[in-house]
Amino acid sequence: MSETDTTRGSRTVVLVHGAFADGSSWNGVIERLQASSIQVVAPANPLRGLSIDSAYIAGVMAEIPGPVVAVGHSYGGAVISNAAVKAPNVEALVFVAAFAPDEGERLGDVTASSKDAVLGSALVAHQVPGSNGDEPGVEFTVDPTKFREAFASDLSAKEAAIMAATQRPVAESAFSESSNAAAWKRLPSFAIVATADKAAGTDLTRSMAQRAGATITELDGSHVIMVSRPQSVTDVILEAAGVAPSEHTWGDVLVESYLQE
């Protein structure tokens, strides 16, 4: 067995989606990773708060035999950076248009500093019942009429409308809880910065990636760069996993042509 074959068979890529999304946002990437014989898991991120979500994802990763490459999109970047310190089998991090907060930082505070992000003005607050007599909570969704502009400007109107209709709400605590760990301080990190990211903010994700000392790839596209340019995102993940991209790659041009229809 060649070294490449051994590498492919020993690592699992864990894809963690962000707020207002679900695991299906990784479909194009999953298909390509599987075509390269990479084991992939795309768990459901609970979106109930940074402490709850990172503990859940840490449990998922810790139960996987062998080394893990943790990939996070948007809010999922904060989740994997906290979760990886509790899962000793994580050997690399990939931030895809993602936050990489330091210890003590709160996403609600740092996102306010972005000059590129417009997502805040597109959010709609909803009250949710408390459990066991607790006070009602608050969660957020993206206004469907503003979803494409703020979240997915490089997708077709049809594709963006589907994502808006199927979006999952995120609890307010995802933005108000402080990050308790920063796994990027001890793990090799890679980052994809989307140059037209109006949700997390290109300026903010770039500065966080630079602070993390990540190997940075900049791609033209919106916040959902893994949907619009799945092959380019897959290539970075393969690099993080130590695997050369397959000779039989799928062109992003074909995907982008489909999404423009």
# chains A, B, ... in the order shown; residues from 1 in each chain; ligands from 1
call {"tool": "select_by_dssp", "arguments": {"residues": "segment 139-196 of chain A", "states": "strand (DSSP E or B)", "output": "CSV table (one decimal) with N, CA and C atoms, in the first residue's frame"}}
result
chain,number,residue,atom,x,y,z
A,139,GLU,N,-33.7,33.3,19.7
A,139,GLU,CA,-32.9,32.7,18.6
A,139,GLU,C,-33.1,33.6,17.3
A,140,PHE,N,-32.2,33.4,16.4
A,140,PHE,CA,-32.2,34.3,15.2
A,140,PHE,C,-32.3,33.5,13.9
A,141,THR,N,-33.0,34.1,12.9
A,141,THR,CA,-32.9,33.6,11.6
A,141,THR,C,-32.6,34.7,10.6
A,142,VAL,N,-32.3,34.4,9.4
A,142,VAL,CA,-32.0,35.5,8.4
A,142,VAL,C,-33.3,35.8,7.6
A,170,VAL,N,-30.4,29.9,15.1
A,170,VAL,CA,-29.3,29.8,16.0
A,170,VAL,C,-29.6,30.5,17.3
A,171,ALA,N,-29.3,30.0,18.4
A,171,ALA,CA,-29.6,30.6,19.7
A,171,ALA,C,-28.7,31.8,19.9
A,178,SER,N,-18.6,33.5,25.6
A,178,SER,CA,-17.2,33.7,25.4
A,178,SER,C,-16.6,32.4,24.9
A,189,SER,N,-3.3,25.0,11.0
A,189,SER,CA,-4.6,25.5,10.6
A,189,SER,C,-4.5,26.0,9.1
A,190,PHE,N,-5.6,25.9,8.5
A,190,PHE,CA,-5.8,26.3,7.1
A,190,PHE,C,-7.1,27.2,7.1
A,191,ALA,N,-7.1,28.1,6.2
A,191,ALA,CA,-8.3,29.0,6.1
A,191,ALA,C,-8.6,29.4,4.7
A,192,ILE,N,-9.9,29.4,4.4
A,192,ILE,CA,-10.4,29.9,3.1
A,192,ILE,C,-11.1,31.2,3.4
A,193,VAL,N,-10.7,32.2,2.8
A,193,VAL,CA,-11.3,33.6,2.9
A,193,VAL,C,-12.1,33.9,1.7
A,194,ALA,N,-13.4,34.0,1.8
A,194,ALA,CA,-14.2,34.4,0.7
A,194,ALA,C,-14.2,35.9,0.5
call {"tool": "closest_residue", "arguments": {"among": "A:Leu219, A:Ala21, A:Val85, A:Ala58", "to": "Thr202 of chain A", "atoms": "only C-alpha atoms"}}
result
A:Leu219
call {"tool": "closest_residue", "arguments": {"among": "A:Val227, A:Val118, A:Met208, A:Leu123", "to": "Ala78 of chain A", "atoms": "only C-alpha atoms"}}
result
A:Met208
call {"tool": "select_by_dssp", "arguments": {"residues": "segment 69-129 of chain A", "states": "alpha helix (DSSP H)", "output": "list in words"}}
result
Tyr75, Gly76, Gly77, Ala78, Val79, Ile80, Ser81, Asn82, Ala83, Leu107, Gly108, Asp109, Val110 and Thr111 of chain A
call {"tool": "write_last_selection", "arguments": {"atoms": "N, CA and C atoms", "output": "JSON list (two decimals), in the first residue's frame"}}
result
[["chain", "number", "residue", "atom", "x", "y", "z"],
["A", 75, "TYR", "N", -19.79, 30.17, 11.85],
["A", 75, "TYR", "CA", -19.85, 29.90, 13.29],
["A", 75, "TYR", "C", -19.24, 28.55, 13.61],
["A", 76, "GLY", "N", -19.29, 27.62, 12.66],
["A", 76, "GLY", "CA", -18.68, 26.31, 12.87],
["A", 76, "GLY", "C", -17.19, 26.39, 13.12],
["A", 77, "GLY", "N", -16.53, 27.47, 12.65],
["A", 77, "GLY", "CA", -15.12, 27.65, 12.94],
["A", 77, "GLY", "C", -14.87, 27.85, 14.43],
["A", 78, "ALA", "N", -15.72, 28.65, 15.08],
["A", 78, "ALA", "CA", -15.61, 28.84, 16.52],
["A", 78, "ALA", "C", -15.87, 27.53, 17.25],
["A", 79, "VAL", "N", -16.81, 26.75, 16.74],
["A", 79, "VAL", "CA", -17.14, 25.47, 17.37],
["A", 79, "VAL", "C", -15.97, 24.50, 17.30],
["A", 80, "ILE", "N", -15.34, 24.34, 16.12],
["A", 80, "ILE", "CA", -14.24, 23.37, 16.03],
["A", 80, "ILE", "C", -13.03, 23.84, 16.82],
["A", 81, "SER", "N", -12.81, 25.15, 16.91],
["A", 81, "SER", "CA", -11.66, 25.65, 17.65],
["A", 81, "SER", "C", -11.81, 25.38, 19.14],
["A", 82, "ASN", "N", -13.04, 25.39, 19.63],
["A", 82, "ASN", "CA", -13.29, 25.03, 21.03],
["A", 82, "ASN", "C", -13.34, 23.52, 21.22],
["A", 83, "ALA", "N", -13.93, 22.82, 20.27],
["A", 83, "ALA", "CA", -14.11, 21.38, 20.41],
["A", 83, "ALA", "C", -12.81, 20.61, 20.30],
["A", 107, "LEU", "N", -18.41, 36.28, 19.80],
["A", 107, "LEU", "CA", -18.67, 36.56, 18.40],
["A", 107, "LEU", "C", -19.52, 37.80, 18.20],
["A", 108, "GLY", "N", -20.44, 38.04, 19.11],
["A", 108, "GLY", "CA", -21.28, 39.22, 18.99],
["A", 108, "GLY", "C", -20.48, 40.51, 19.04],
["A", 109, "ASP", "N", -19.36, 40.48, 19.77],
["A", 109, "ASP", "CA", -18.51, 41.66, 19.88],
["A", 109, "ASP", "C", -17.62, 41.81, 18.65],
["A", 110, "VAL", "N", -16.98, 40.72, 18.24],
["A", 110, "VAL", "CA", -16.01, 40.83, 17.15],
["A", 110, "VAL", "C", -16.67, 41.07, 15.80],
["A", 111, "THR", "N", -17.87, 40.50, 15.60],
["A", 111, "THR", "CA", -18.54, 40.71, 14.30],
["A", 111, "THR", "C", -18.95, 42.17, 14.12]]
call {"tool": "closest_residue", "arguments": {"among": "A:Ala112, A:Leu155, A:Ala92, A:Ala161", "to": "Ala241 of chain A", "atoms": "only C-alpha atoms"}}
result
A:Ala92
call {"tool": "closest_residue", "arguments": {"among": "A:Gly18, A:Pro88, A:Ala35, A:Tyr56", "to": "Gly72 of chain A", "atoms": "only C-alpha atoms"}}
result
A:Gly18
call {"tool": "closest_residue", "arguments": {"among": "A:Asp235, A:Asp22, A:Asp203, A:Asp116", "to": "Thr166 of chain A", "atoms": "only C-alpha atoms"}}
result
A:Asp22
call {"tool": "closest_residue", "arguments": {"among": "A:Lys146, A:Leu15, A:Pro188, A:Gly23", "to": "Val41 of chain A", "atoms": "only C-alpha atoms"}}
result
A:Leu15
